[in-house]
>>> print(open('structure_35.cif').read())   # mmCIF, C-alpha atoms and all ligand atoms
data_target
#
loop_
_atom_site.label_atom_id
_atom_site.label_comp_id
_atom_site.auth_asym_id
_atom_site.auth_seq_id
_atom_site.Cartn_x
_atom_site.Cartn_y
_atom_site.Cartn_z
CA MET A 1 9.53 -45.50 13.93
CA PRO A 2 10.27 -46.01 10.23
CA LYS A 3 11.62 -43.08 8.26
CA THR A 4 9.54 -41.24 5.67
CA ILE A 5 11.20 -39.90 2.53
CA ILE A 6 9.46 -37.21 0.55
CA LYS A 7 10.80 -37.57 -2.99
CA ASN A 8 10.31 -35.70 -6.26
CA ILE A 9 10.19 -32.20 -4.77
CA GLN A 10 10.61 -29.92 -7.77
CA THR A 11 11.97 -27.08 -5.61
CA LEU A 12 12.34 -26.65 -1.87
CA TYR A 13 12.26 -23.12 -0.46
CA THR A 14 13.23 -22.26 3.11
CA SER A 15 15.03 -19.77 5.29
CA THR A 16 17.99 -21.15 7.21
CA GLY A 17 18.68 -20.71 10.90
CA SER A 18 16.28 -19.58 13.56
CA MET A 19 17.05 -15.87 13.49
CA LEU A 20 14.57 -13.09 12.93
CA LEU A 21 14.95 -11.70 9.40
CA LYS A 22 14.84 -7.91 9.13
CA GLY A 23 14.72 -5.57 6.16
CA THR A 24 16.83 -6.71 3.22
CA SER A 25 17.73 -9.98 4.97
CA MET A 26 14.11 -11.02 4.32
CA ASN A 27 15.32 -11.74 0.78
CA GLN A 28 17.37 -14.69 1.99
CA VAL A 29 15.85 -18.03 1.01
CA LEU A 30 17.61 -21.32 0.31
CA VAL A 31 16.39 -22.82 -2.97
CA LEU A 32 17.04 -26.50 -3.67
CA ASN A 33 15.95 -28.05 -6.96
CA ASP A 34 15.17 -31.77 -7.30
CA ALA A 35 15.02 -32.13 -3.53
CA TYR A 36 14.07 -34.75 -0.96
CA ILE A 37 13.31 -34.60 2.76
CA VAL A 38 13.84 -37.46 5.21
CA ILE A 39 11.63 -37.51 8.32
CA GLN A 40 12.09 -39.51 11.49
CA ASP A 41 10.20 -39.34 14.79
CA GLY A 42 8.34 -36.24 13.69
CA LEU A 43 11.51 -34.29 12.94
CA ILE A 44 13.50 -33.51 9.81
CA TYR A 45 16.31 -36.06 9.74
CA ALA A 46 17.96 -35.00 6.48
CA LEU A 47 17.30 -33.05 3.31
CA GLY A 48 19.16 -32.55 0.09
CA THR A 49 19.12 -32.79 -3.67
CA GLY A 50 19.55 -35.68 -6.08
CA SER A 51 19.86 -39.24 -4.81
CA PHE A 52 18.41 -40.24 -1.44
CA GLU A 53 19.60 -43.86 -1.86
CA LYS A 54 21.62 -43.81 1.35
CA TYR A 55 18.44 -43.31 3.41
CA MET A 56 16.65 -46.27 1.88
CA GLU A 57 16.11 -49.00 4.45
CA LYS A 58 13.62 -51.69 5.35
CA ASP A 59 10.10 -50.33 6.13
CA VAL A 60 10.90 -46.82 4.86
CA ILE A 61 7.78 -44.96 3.74
CA ILE A 62 8.11 -43.17 0.41
CA HIS A 63 5.90 -40.16 -0.23
CA ASP A 64 5.87 -38.96 -3.82
CA ALA A 65 5.61 -35.14 -3.97
CA LYS A 66 4.81 -35.46 -7.68
CA ASN A 67 6.91 -32.40 -8.56
CA ALA A 68 5.25 -30.11 -6.02
CA ILE A 69 7.25 -27.36 -4.32
CA ALA A 70 8.01 -27.70 -0.61
CA VAL A 71 7.94 -24.92 1.99
CA PRO A 72 7.87 -24.87 5.81
CA GLY A 73 4.32 -25.31 7.14
CA PHE A 74 2.81 -21.82 7.17
CA ILE A 75 2.46 -20.02 10.52
CA ASP A 76 -0.47 -17.68 11.08
CA SER A 77 0.59 -15.55 14.05
CA HIS A 78 -2.55 -13.39 14.41
CA THR A 79 -6.03 -14.91 14.53
CA HIS A 80 -9.20 -14.48 16.55
CA LEU A 81 -9.99 -18.17 16.07
CA VAL A 82 -12.47 -18.85 18.87
CA HIS A 83 -15.72 -16.88 18.74
CA GLY A 84 -19.47 -17.39 18.58
CA GLY A 85 -21.59 -16.66 15.51
CA SER A 86 -20.84 -14.49 12.52
CA ARG A 87 -21.58 -10.91 11.43
CA GLU A 88 -22.99 -11.11 7.91
CA SER A 89 -25.91 -9.08 9.28
CA GLU A 90 -23.53 -6.08 9.45
CA PHE A 91 -22.20 -6.70 5.95
CA ALA A 92 -24.74 -4.43 4.24
CA LYS A 93 -23.84 -1.55 6.60
CA LYS A 94 -20.18 -2.04 5.81
CA ILE A 95 -20.85 -1.95 2.08
CA GLU A 96 -22.92 1.22 2.49
CA GLY A 97 -19.75 2.73 3.91
CA ILE A 98 -20.55 2.93 7.63
CA PRO A 99 -17.09 2.96 9.29
CA TYR A 100 -15.92 -0.03 11.33
CA LEU A 101 -15.46 2.03 14.50
CA ASP A 102 -18.95 3.59 14.15
CA ILE A 103 -20.52 0.12 14.08
CA LEU A 104 -18.58 -0.71 17.26
CA LYS A 105 -19.61 2.58 18.92
CA SER A 106 -23.28 1.83 18.31
CA GLY A 107 -22.92 -1.45 20.23
CA GLY A 108 -22.35 -3.70 17.22
CA GLY A 109 -19.07 -4.99 15.76
CA ILE A 110 -16.87 -6.68 18.35
CA LEU A 111 -19.66 -6.22 20.92
CA SER A 112 -22.15 -8.28 18.91
CA THR A 113 -19.62 -11.11 18.72
CA VAL A 114 -19.14 -10.75 22.48
CA GLU A 115 -22.83 -11.39 22.98
CA MET A 116 -22.79 -14.43 20.69
CA THR A 117 -19.64 -15.77 22.36
CA ARG A 118 -21.06 -15.35 25.86
CA ASN A 119 -24.21 -17.18 24.77
CA ALA A 120 -22.30 -20.04 23.14
CA THR A 121 -21.42 -23.23 25.02
CA PHE A 122 -17.90 -24.60 25.19
CA ASP A 123 -18.89 -27.31 22.69
CA GLU A 124 -20.41 -24.84 20.25
CA LEU A 125 -17.27 -22.70 20.29
CA TYR A 126 -15.10 -25.80 19.98
CA THR A 127 -16.98 -27.22 17.01
CA LYS A 128 -16.96 -23.92 15.10
CA ALA A 129 -13.28 -23.24 15.72
CA TYR A 130 -12.38 -26.84 14.89
CA GLN A 131 -13.93 -26.35 11.46
CA SER A 132 -11.83 -23.20 10.95
CA LEU A 133 -8.70 -25.13 11.89
CA GLU A 134 -9.57 -27.70 9.22
CA GLU A 135 -9.81 -24.87 6.68
CA MET A 136 -6.43 -23.53 7.81
CA LEU A 137 -4.81 -26.94 7.57
CA LEU A 138 -6.09 -27.25 4.01
CA PHE A 139 -4.38 -23.93 3.25
CA GLY A 140 -1.09 -25.42 4.46
CA VAL A 141 -1.04 -23.74 7.89
CA THR A 142 0.48 -25.89 10.66
CA THR A 143 0.79 -23.46 13.62
CA ILE A 144 -1.33 -20.48 14.66
CA GLU A 145 -1.87 -17.95 17.40
CA ALA A 146 -5.41 -17.59 18.81
CA LYS A 147 -6.65 -14.64 20.85
CA SER A 148 -9.44 -14.42 23.37
CA GLY A 149 -11.23 -11.08 23.51
CA TYR A 150 -14.87 -11.92 22.83
CA GLY A 151 -15.72 -12.83 26.42
CA LEU A 152 -14.72 -9.54 28.07
CA ASN A 153 -15.32 -10.95 31.52
CA LEU A 154 -13.14 -13.46 33.30
CA ASP A 155 -15.42 -16.47 32.97
CA ASN A 156 -16.03 -16.03 29.27
CA GLU A 157 -12.41 -15.16 28.48
CA ILE A 158 -11.40 -18.35 30.30
CA LYS A 159 -14.03 -20.28 28.32
CA GLN A 160 -12.49 -19.06 25.05
CA LEU A 161 -8.95 -19.83 26.19
CA LYS A 162 -9.93 -23.30 27.38
CA VAL A 163 -11.47 -24.01 23.99
CA ALA A 164 -8.17 -23.01 22.35
CA LYS A 165 -6.26 -25.23 24.76
CA ARG A 166 -8.46 -28.24 24.00
CA LEU A 167 -8.11 -27.57 20.26
CA HIS A 168 -4.33 -27.40 20.64
CA GLU A 169 -4.44 -30.83 22.29
CA ASN A 170 -6.84 -32.42 19.82
CA HIS A 171 -6.18 -30.86 16.42
CA PRO A 172 -2.95 -31.28 14.42
CA ILE A 173 -2.44 -27.50 14.23
CA ASP A 174 -0.46 -26.17 17.20
CA ILE A 175 -1.99 -23.14 18.92
CA VAL A 176 -0.28 -20.42 20.96
CA SER A 177 -2.86 -18.55 23.06
CA THR A 178 -3.11 -14.83 23.71
CA TYR A 179 -5.29 -13.16 26.35
CA MET A 180 -7.03 -10.12 24.87
CA GLY A 181 -9.47 -8.91 27.51
CA ALA A 182 -8.53 -5.45 26.18
CA HIS A 183 -10.32 -5.93 22.86
CA ALA A 184 -13.21 -3.52 23.61
CA ILE A 185 -14.94 -1.97 26.62
CA PRO A 186 -17.95 -4.22 27.31
CA LYS A 187 -21.40 -2.61 27.42
CA ASP A 188 -21.77 -3.09 31.18
CA PHE A 189 -18.61 -1.00 31.78
CA LYS A 190 -19.41 1.73 29.24
CA ASP A 191 -19.56 4.42 31.89
CA ASN A 192 -16.73 3.21 34.11
CA ARG A 193 -13.92 2.13 31.88
CA GLU A 194 -11.33 2.48 34.69
CA ASP A 195 -13.07 -0.39 36.50
CA TYR A 196 -12.92 -2.56 33.41
CA ILE A 197 -9.18 -1.87 33.00
CA GLU A 198 -8.71 -2.74 36.65
CA SER A 199 -10.56 -6.01 36.08
CA ILE A 200 -8.31 -6.86 33.11
CA ILE A 201 -5.25 -6.28 35.27
CA GLU A 202 -6.68 -8.53 37.98
CA SER A 203 -7.51 -11.20 35.37
CA LEU A 204 -3.89 -11.29 34.17
CA SER A 205 -2.66 -13.08 37.26
CA VAL A 206 -5.53 -15.61 37.08
CA ILE A 207 -4.76 -16.38 33.43
CA ALA A 208 -1.05 -16.67 34.28
CA LYS A 209 -1.76 -19.04 37.16
CA LEU A 210 -4.01 -21.22 35.00
CA LYS A 211 -1.35 -21.15 32.25
CA LEU A 212 -4.03 -20.41 29.66
CA ALA A 213 -2.01 -17.90 27.64
CA THR A 214 1.60 -16.91 27.11
CA GLN A 215 0.90 -13.59 25.39
CA VAL A 216 -1.26 -10.52 26.04
CA ASP A 217 -2.64 -8.21 23.35
CA VAL A 218 -4.43 -4.83 23.50
CA PHE A 219 -6.49 -3.05 20.80
CA CYS A 220 -4.84 0.38 21.06
CA GLU A 221 -7.06 2.70 19.01
CA THR A 222 -9.04 5.94 19.20
CA ASP A 223 -12.21 5.29 21.23
CA VAL A 224 -11.04 1.78 22.17
CA PHE A 225 -7.95 1.67 24.47
CA SER A 226 -5.79 4.80 24.74
CA LEU A 227 -1.99 4.78 24.78
CA GLU A 228 -1.97 5.29 28.56
CA GLU A 229 -4.46 2.48 29.20
CA THR A 230 -2.57 0.17 26.86
CA LYS A 231 0.69 0.93 28.65
CA ASP A 232 -0.84 0.26 32.04
CA ILE A 233 -2.22 -3.13 30.99
CA LEU A 234 0.90 -4.25 29.14
CA GLU A 235 3.33 -3.21 31.89
CA ASN A 236 1.35 -5.40 34.28
CA ALA A 237 1.45 -8.24 31.75
CA LEU A 238 5.23 -7.91 31.39
CA GLU A 239 5.66 -8.13 35.14
CA LEU A 240 3.85 -11.46 35.13
CA GLY A 241 6.13 -12.82 32.40
CA PHE A 242 3.78 -12.55 29.43
CA LYS A 243 5.06 -11.69 25.96
CA ILE A 244 3.18 -8.65 24.75
CA ARG A 245 1.52 -7.77 21.45
CA MET A 246 -0.46 -4.75 20.25
CA HIS A 247 -3.14 -4.00 17.67
CA ALA A 248 -1.48 -0.70 16.76
CA ASP A 249 -2.14 2.15 14.32
CA GLU A 250 -4.82 0.13 12.53
CA ILE A 251 -7.19 2.97 11.73
CA HIS A 252 -5.69 6.09 13.31
CA SER A 253 -2.07 7.01 13.73
CA ILE A 254 -1.89 7.54 17.50
CA GLY A 255 1.65 6.38 18.19
CA GLY A 256 0.71 2.78 18.99
CA ALA A 257 3.69 1.36 17.14
CA GLY A 258 6.02 3.70 19.05
CA LEU A 259 4.59 2.43 22.34
CA ALA A 260 5.02 -1.19 21.18
CA VAL A 261 8.71 -0.49 20.56
CA GLU A 262 9.09 1.30 23.90
CA LEU A 263 7.57 -1.66 25.76
CA LYS A 264 9.60 -4.18 23.72
CA ALA A 265 6.46 -5.87 22.38
CA VAL A 266 7.21 -8.96 20.27
CA SER A 267 4.95 -7.56 17.59
CA ALA A 268 2.89 -4.55 16.62
CA ASP A 269 0.06 -5.66 14.38
CA HIS A 270 -1.89 -3.94 11.54
CA LEU A 271 0.12 -0.67 11.22
CA MET A 272 -1.85 0.61 8.26
CA ALA A 273 -1.63 4.14 9.69
CA MET A 274 1.89 3.94 11.14
CA ASP A 275 3.99 7.11 10.83
CA GLU A 276 7.55 7.31 9.60
CA GLN A 277 9.04 8.31 12.93
CA ASP A 278 7.71 5.14 14.55
CA MET A 279 9.11 3.13 11.64
CA ASP A 280 12.57 4.51 12.37
CA ALA A 281 12.20 3.48 16.00
CA MET A 282 10.94 0.01 15.08
CA ALA A 283 13.80 -0.52 12.64
CA VAL A 284 16.33 -0.49 15.47
CA SER A 285 14.23 -2.69 17.76
CA ASN A 286 13.24 -6.36 17.79
CA THR A 287 9.52 -5.61 17.54
CA ILE A 288 8.09 -7.29 14.46
CA ALA A 289 5.61 -5.55 12.16
CA ASN A 290 2.83 -8.10 11.78
CA LEU A 291 0.86 -6.99 8.71
CA LEU A 292 -2.69 -8.15 8.03
CA PRO A 293 -3.61 -7.30 4.43
CA GLN A 294 -6.90 -9.22 4.48
CA THR A 295 -8.17 -6.57 6.91
CA SER A 296 -7.23 -3.73 4.54
CA PHE A 297 -8.96 -5.63 1.75
CA TYR A 298 -12.15 -6.27 3.71
CA LEU A 299 -12.42 -2.84 5.35
CA ASN A 300 -11.39 -1.07 2.12
CA LYS A 301 -8.51 0.65 3.88
CA ASP A 302 -4.96 1.49 2.90
CA TYR A 303 -2.42 -1.29 3.02
CA ALA A 304 0.52 -1.04 5.40
CA ASN A 305 3.58 0.49 3.79
CA ALA A 306 5.66 -2.68 3.69
CA ARG A 307 8.22 -1.37 1.20
CA MET A 308 9.10 1.61 3.36
CA MET A 309 9.26 -0.62 6.45
CA LEU A 310 11.60 -3.05 4.68
CA SER A 311 13.82 -0.29 3.34
CA LYS A 312 14.26 0.97 6.90
CA GLY A 313 15.22 -2.51 8.14
CA ILE A 314 12.02 -3.61 9.90
CA ALA A 315 11.15 -7.33 10.27
CA ILE A 316 7.75 -8.19 8.77
CA ALA A 317 5.32 -11.05 9.36
CA ILE A 318 2.06 -11.58 7.47
CA SER A 319 -1.02 -13.07 9.13
CA SER A 320 -4.68 -13.64 8.28
CA ASP A 321 -6.25 -11.79 11.26
CA TYR A 322 -9.06 -14.32 10.83
CA ASN A 323 -12.04 -12.85 12.77
CA PRO A 324 -15.78 -12.34 12.19
CA GLY A 325 -15.64 -8.55 11.80
CA SER A 326 -12.67 -7.25 9.84
CA ALA A 327 -11.23 -10.36 8.19
CA PRO A 328 -13.73 -13.21 7.90
CA SER A 329 -11.35 -15.57 6.09
CA GLU A 330 -8.94 -18.28 7.21
CA ASN A 331 -7.09 -18.08 3.89
CA LEU A 332 -3.46 -17.20 4.65
CA GLN A 333 -2.58 -17.81 0.99
CA PHE A 334 -4.89 -14.92 0.07
CA ALA A 335 -3.11 -12.71 2.61
CA MET A 336 0.17 -13.68 0.91
CA GLN A 337 -1.26 -12.84 -2.51
CA LEU A 338 -2.38 -9.43 -1.22
CA ALA A 339 1.07 -8.88 0.27
CA ALA A 340 2.48 -9.37 -3.22
CA ASN A 341 -0.07 -7.42 -5.24
CA LYS A 342 -0.96 -4.62 -2.84
CA MET A 343 2.08 -4.30 -0.61
CA LYS A 344 4.65 -5.07 -3.34
CA MET A 345 6.50 -7.65 -1.31
CA ASN A 346 8.50 -10.20 -3.28
CA PRO A 347 8.03 -13.98 -3.01
CA PHE A 348 11.04 -14.56 -0.73
CA GLU A 349 10.05 -11.75 1.63
CA ILE A 350 6.52 -13.17 1.77
CA LEU A 351 7.70 -16.71 2.45
CA ASN A 352 9.82 -15.51 5.37
CA ALA A 353 6.87 -13.43 6.59
CA VAL A 354 4.69 -16.55 6.98
CA THR A 355 7.38 -18.93 8.28
CA ILE A 356 10.44 -17.89 10.28
CA ASN A 357 9.36 -14.40 11.37
CA PRO A 358 5.98 -15.47 12.78
CA ALA A 359 7.80 -18.37 14.46
CA VAL A 360 9.84 -15.71 16.30
CA ILE A 361 6.63 -13.91 17.33
CA LEU A 362 5.36 -17.17 18.82
CA ASN A 363 8.74 -17.95 20.42
CA LEU A 364 8.88 -21.23 18.47
CA ASN A 365 11.68 -20.32 16.06
CA HIS A 366 13.99 -23.05 17.32
CA GLU A 367 11.37 -25.72 16.53
CA ILE A 368 9.57 -24.51 13.42
CA GLY A 369 9.67 -21.85 10.71
CA SER A 370 12.31 -23.41 8.46
CA LEU A 371 13.07 -26.78 6.90
CA GLU A 372 16.23 -27.86 8.66
CA VAL A 373 17.64 -30.97 10.28
CA GLY A 374 16.32 -31.27 13.84
CA LYS A 375 13.32 -28.99 13.37
CA LYS A 376 9.76 -30.31 13.35
CA ALA A 377 8.71 -31.93 10.10
CA ASP A 378 5.95 -29.37 9.46
CA ILE A 379 5.98 -29.29 5.68
CA THR A 380 3.56 -27.93 3.10
CA LEU A 381 3.71 -29.21 -0.48
CA LEU A 382 2.20 -26.79 -2.99
CA LYS A 383 1.06 -27.91 -6.41
CA ALA A 384 2.77 -25.11 -8.31
CA PRO A 385 5.79 -24.86 -10.64
CA ASN A 386 7.48 -22.23 -8.45
CA LEU A 387 6.87 -19.85 -5.54
CA GLU A 388 5.95 -16.90 -7.77
CA TYR A 389 3.09 -18.94 -9.18
CA VAL A 390 1.49 -19.31 -5.73
CA LEU A 391 1.22 -15.53 -5.48
CA TYR A 392 0.26 -14.94 -9.09
CA HIS A 393 -2.61 -17.44 -9.40
CA PHE A 394 -4.74 -15.90 -6.69
CA GLY A 395 -7.91 -16.85 -4.86
CA ILE A 396 -7.39 -20.59 -5.11
CA ASN A 397 -5.81 -23.06 -2.73
CA HIS A 398 -2.40 -24.31 -3.93
CA THR A 399 -1.94 -26.91 -1.18
CA GLN A 400 -1.35 -30.47 -2.31
CA ASP A 401 -0.11 -32.28 0.83
CA VAL A 402 0.65 -31.26 4.42
CA PHE A 403 2.86 -32.97 7.00
CA LYS A 404 2.46 -31.98 10.65
CA ASN A 405 5.03 -33.36 13.11
CA GLY A 406 6.05 -35.80 10.36
CA GLN A 407 2.51 -37.14 9.91
CA LEU A 408 0.74 -36.80 6.60
CA VAL A 409 -2.46 -34.92 7.50
CA VAL A 410 -3.55 -33.58 4.08
CA LYS A 411 -3.12 -35.58 0.88
CA ASP A 412 -4.16 -34.37 -2.55
CA ARG A 413 -5.93 -31.42 -0.94
CA THR A 414 -8.05 -33.72 1.24
CA ILE A 415 -7.86 -34.00 5.02
CA LEU A 416 -6.97 -37.56 5.99
CA GLU A 417 -9.07 -39.45 8.54
CA ARG A 418 -7.78 -39.02 12.07
CA ARG A 419 -8.69 -40.63 15.34
CA LYS A 420 -11.90 -38.82 16.42
CA SER A 421 -11.33 -36.06 18.91
O1 LIG B 501 -7.81 -7.37 14.36
N1 LIG B 501 -9.12 -4.55 15.46
C1 LIG B 501 -9.55 -5.23 16.35
N2 LIG B 501 -9.78 -6.53 16.35
C2 LIG B 501 -9.97 -7.32 15.18
C3 LIG B 501 -11.37 -7.27 14.69
C4 LIG B 501 -12.31 -7.92 15.62
C5 LIG B 501 -13.74 -7.89 15.17
O2 LIG B 501 -14.18 -6.98 14.43
O3 LIG B 501 -14.44 -8.79 15.62
C6 LIG B 501 -8.94 -6.99 14.15
O4 LIG B 501 -9.21 -6.35 13.12
FE FE B 502 -6.78 -8.76 15.10
#
>>> encode(input="structure_35.cif", output="structure tokens")
Amino acid sequence: MPKTIIKNIQTLYTSTGSMLLKGTSMNQVLVLNDAYIVIQDGLIYALGTGSFEKYMEKDVIIHDAKNAIAVPGFIDSHTHLVHGGSRESEFAKKIEGIPYLDILKSGGGILSTVEMTRNATFDELYTKAYQSLEEMLLFGVTTIEAKSGYGLNLDNEIKQLKVAKRLHENHPIDIVSTYMGAHAIPKDFKDNREDYIESIIESLSVIAKLKLATQVDVFCETDVFSLEETKDILENALELGFKIRMHADEIHSIGGAGLAVELKAVSADHLMAMDEQDMDAMAVSNTIANLLPQTSFYLNKDYANARMMLSKGIAIAISSDYNPGSAPSENLQFAMQLAANKMKMNPFEILNAVTINPAVILNLNHEIGSLEVGKKADITLLKAPNLEYVLYHFGINHTQDVFKNGQLVVKDRTILERRKS
């Protein structure tokens, strides 16, 4: 395979090493001006500044970055990618001020998406999610996590997970799958929730055997899954070798983050209502605070207290939470802009929160998450004079070009033709 050289990179920004970055270490970013990157066989072969003459050889492909900035391909480590339909019919209620959990309690919210997902065919789910992946790729995202949780029975959860698997095989974006049967209590189990929890626990071994997910997530929240129920499900998941995640302290502070730390979850996600005591516990653990500011924006809620978390030494990731109910947007760049404006995170902290730290959540930190020799050539070129500009000029897409596994997949903000899949 011929080498590719990306030349004329105005500035390259990346973390170095594969370690989780916590607290003040999230400020560490390597900055190289007038940089180049050499790619071979899908991996980063070399990078540096100034002359790349020594890598010039017959057949080499030169890609002109045209003074763009280069960053590791973004990683979105919390999405509900695969689902049927959309919920704009509930939008008016939301604007009137009817709370998110009240819509769910009255059989809408997650439960209306469950109905649409159960009624959708594999192909319908595939086509819709494929389109979302195209949007994500255009925003410079090269790896994501995708949760099930809109089937809420074994067959339909498996349908969702199989769609994610097929998408992982066919689309340039890599997908790590999470089983989230514990997303809501389905209507048919409303009066016997213990039976539903039992059925989730039974499903875990089926999902493990089919190798359809490597992680398990639970929506731990008042009137959804209690601390005890969450613990029961996640302890069973741990026994089967799953990595565990939690939707924790999103709306009410019920100690979800503390439980995530106790169970050694790889991440606790949302945390808008997290209390200080749980922050202290998280600071001395390896559980990552995965913050989802698009959800605060859309639900008109408080933003997670990122500054306090960072000052205590917590590791932060930022994700889109793309889903039809609380964050109907695939735009990770908008989440980054909210992290700056609303959560007061600085550009280096934000870059690490969408690259190396989410790579740790997905257990891919030795392959992706930084631009370094030997790692995958997942590279996003942003048409901006510097990293600050990407956060300052909000609501637009700054992506110019995207390389996935060394292949140019987006050029001049346009998705390149691929073999049909
Ligand atoms: O992360 N909080 C629970 N789950 C999703 C929302 C799912 C939905 O409303 O469809 C979230 O916010
Ligand atoms: Fe979520």
>>> closest_atom_pairs(input="structure_35.cif", of="chain A", to="ligand FE 502 (chain B)", cutoff="7 Å", atoms="only C-alpha atoms and all ligand atoms", output="Markdown table")
| residue | atom | partner | partner_atom | distance |
| --- | --- | --- | --- | --- |
| A:His78 | CA | B:FE502 | FE | 6.3 |
| A:Thr79 | CA | B:FE502 | FE | 6.2 |
| A:His80 | CA | B:FE502 | FE | 6.4 |
| A:His247 | CA | B:FE502 | FE | 6.5 |
| A:Asp321 | CA | B:FE502 | FE | 4.9 |
>>> residues_near_ligand(input="structure_35.cif", ligand="ligand LIG 501 (chain B)", cutoff="10 Å", atoms="only C-alpha atoms and all ligand atoms", output="PDB file with C-alpha atoms, in the frame of the given file")
ATOM      1  CA  HIS A  78      -2.550 -13.390  14.410  1.00  0.00           C
ATOM      2  CA  THR A  79      -6.030 -14.910  14.530  1.00  0.00           C
ATOM      3  CA  HIS A  80      -9.200 -14.480  16.550  1.00  0.00           C
ATOM      4  CA  HIS A  83     -15.720 -16.880  18.740  1.00  0.00           C
ATOM      5  CA  SER A  86     -20.840 -14.490  12.520  1.00  0.00           C
ATOM      6  CA  ARG A  87     -21.580 -10.910  11.430  1.00  0.00           C
ATOM      7  CA  TYR A 100     -15.920  -0.030  11.330  1.00  0.00           C
ATOM      8  CA  LEU A 101     -15.460   2.030  14.500  1.00  0.00           C
ATOM      9  CA  ILE A 103     -20.520   0.120  14.080  1.00  0.00           C
ATOM     10  CA  LEU A 104     -18.580  -0.710  17.260  1.00  0.00           C
ATOM     11  CA  GLY A 108     -22.350  -3.700  17.220  1.00  0.00           C
ATOM     12  CA  GLY A 109     -19.070  -4.990  15.760  1.00  0.00           C
ATOM     13  CA  ILE A 110     -16.870  -6.680  18.350  1.00  0.00           C
ATOM     14  CA  LEU A 111     -19.660  -6.220  20.920  1.00  0.00           C
ATOM     15  CA  SER A 112     -22.150  -8.280  18.910  1.00  0.00           C
ATOM     16  CA  THR A 113     -19.620 -11.110  18.720  1.00  0.00           C
ATOM     17  CA  VAL A 114     -19.140 -10.750  22.480  1.00  0.00           C
ATOM     18  CA  LYS A 147      -6.650 -14.640  20.850  1.00  0.00           C
ATOM     19  CA  GLY A 149     -11.230 -11.080  23.510  1.00  0.00           C
ATOM     20  CA  TYR A 150     -14.870 -11.920  22.830  1.00  0.00           C
ATOM     21  CA  MET A 180      -7.030 -10.120  24.870  1.00  0.00           C
ATOM     22  CA  ALA A 182      -8.530  -5.450  26.180  1.00  0.00           C
ATOM     23  CA  HIS A 183     -10.320  -5.930  22.860  1.00  0.00           C
ATOM     24  CA  ALA A 184     -13.210  -3.520  23.610  1.00  0.00           C
ATOM     25  CA  VAL A 218      -4.430  -4.830  23.500  1.00  0.00           C
ATOM     26  CA  PHE A 219      -6.490  -3.050  20.800  1.00  0.00           C
ATOM     27  CA  CYS A 220      -4.840   0.380  21.060  1.00  0.00           C
ATOM     28  CA  GLU A 221      -7.060   2.700  19.010  1.00  0.00           C
ATOM     29  CA  VAL A 224     -11.040   1.780  22.170  1.00  0.00           C
ATOM     30  CA  MET A 246      -0.460  -4.750  20.250  1.00  0.00           C
ATOM     31  CA  HIS A 247      -3.140  -4.000  17.670  1.00  0.00           C
ATOM     32  CA  ALA A 248      -1.480  -0.700  16.760  1.00  0.00           C
ATOM     33  CA  ASP A 249      -2.140   2.150  14.320  1.00  0.00           C
ATOM     34  CA  GLU A 250      -4.820   0.130  12.530  1.00  0.00           C
ATOM     35  CA  ILE A 251      -7.190   2.970  11.730  1.00  0.00           C
ATOM     36  CA  ASP A 269       0.060  -5.660  14.380  1.00  0.00           C
ATOM     37  CA  HIS A 270      -1.890  -3.940  11.540  1.00  0.00           C
ATOM     38  CA  LEU A 292      -2.690  -8.150   8.030  1.00  0.00           C
ATOM     39  CA  GLN A 294      -6.900  -9.220   4.480  1.00  0.00           C
ATOM     40  CA  THR A 295      -8.170  -6.570   6.910  1.00  0.00           C
ATOM     41  CA  SER A 296      -7.230  -3.730   4.540  1.00  0.00           C
ATOM     42  CA  TYR A 298     -12.150  -6.270   3.710  1.00  0.00           C
ATOM     43  CA  LEU A 299     -12.420  -2.840   5.350  1.00  0.00           C
ATOM     44  CA  SER A 320      -4.680 -13.640   8.280  1.00  0.00           C
ATOM     45  CA  ASP A 321      -6.250 -11.790  11.260  1.00  0.00           C
ATOM     46  CA  TYR A 322      -9.060 -14.320  10.830  1.00  0.00           C
ATOM     47  CA  ASN A 323     -12.040 -12.850  12.770  1.00  0.00           C
ATOM     48  CA  PRO A 324     -15.780 -12.340  12.190  1.00  0.00           C
ATOM     49  CA  GLY A 325     -15.640  -8.550  11.800  1.00  0.00           C
ATOM     50  CA  SER A 326     -12.670  -7.250   9.840  1.00  0.00           C
ATOM     51  CA  ALA A 327     -11.230 -10.360   8.190  1.00  0.00           C
ATOM     52  CA  PRO A 328     -13.730 -13.210   7.900  1.00  0.00           C
TER      53      PRO A 328
END
>>> atom_distance(input="structure_35.cif", atom1="CA of Lys162 in chain A", atom2="CA of Thr178 in chain A")
11.5 Å
>>> axis_aligned_box(input="structure_35.cif", around="range 359-363 of chain A", padding_each_side="6 Å", output="JSON")
{"center_x": 7.6, "center_y": -16.1, "center_z": 17.4, "size_x": 16.5, "size_y": 16.5, "size_z": 18.0}
>>> closest_atom_pairs(input="structure_35.cif", of="range 196-268 of chain A", to="range 357-377 of chain A", cutoff="10 Å", atoms="all atoms listed in the file", output="JSON lines")
{"residue": "A:Thr214", "atom": "CA", "partner": "A:Leu362", "partner_atom": "CA", "distance": 9.1}
{"residue": "A:Gln215", "atom": "CA", "partner": "A:Leu362", "partner_atom": "CA", "distance": 8.7}
{"residue": "A:Lys243", "atom": "CA", "partner": "A:Leu362", "partner_atom": "CA", "distance": 9.0}
{"residue": "A:Ile244", "atom": "CA", "partner": "A:Ile361", "partner_atom": "CA", "distance": 9.7}
{"residue": "A:Arg245", "atom": "CA", "partner": "A:Ile361", "partner_atom": "CA", "distance": 9.0}
{"residue": "A:Ala265", "atom": "CA", "partner": "A:Ile361", "partner_atom": "CA", "distance": 9.5}
{"residue": "A:Val266", "atom": "CA", "partner": "A:Ile361", "partner_atom": "CA", "distance": 5.8}
{"residue": "A:Ser267", "atom": "CA", "partner": "A:Ile361", "partner_atom": "CA", "distance": 6.6}
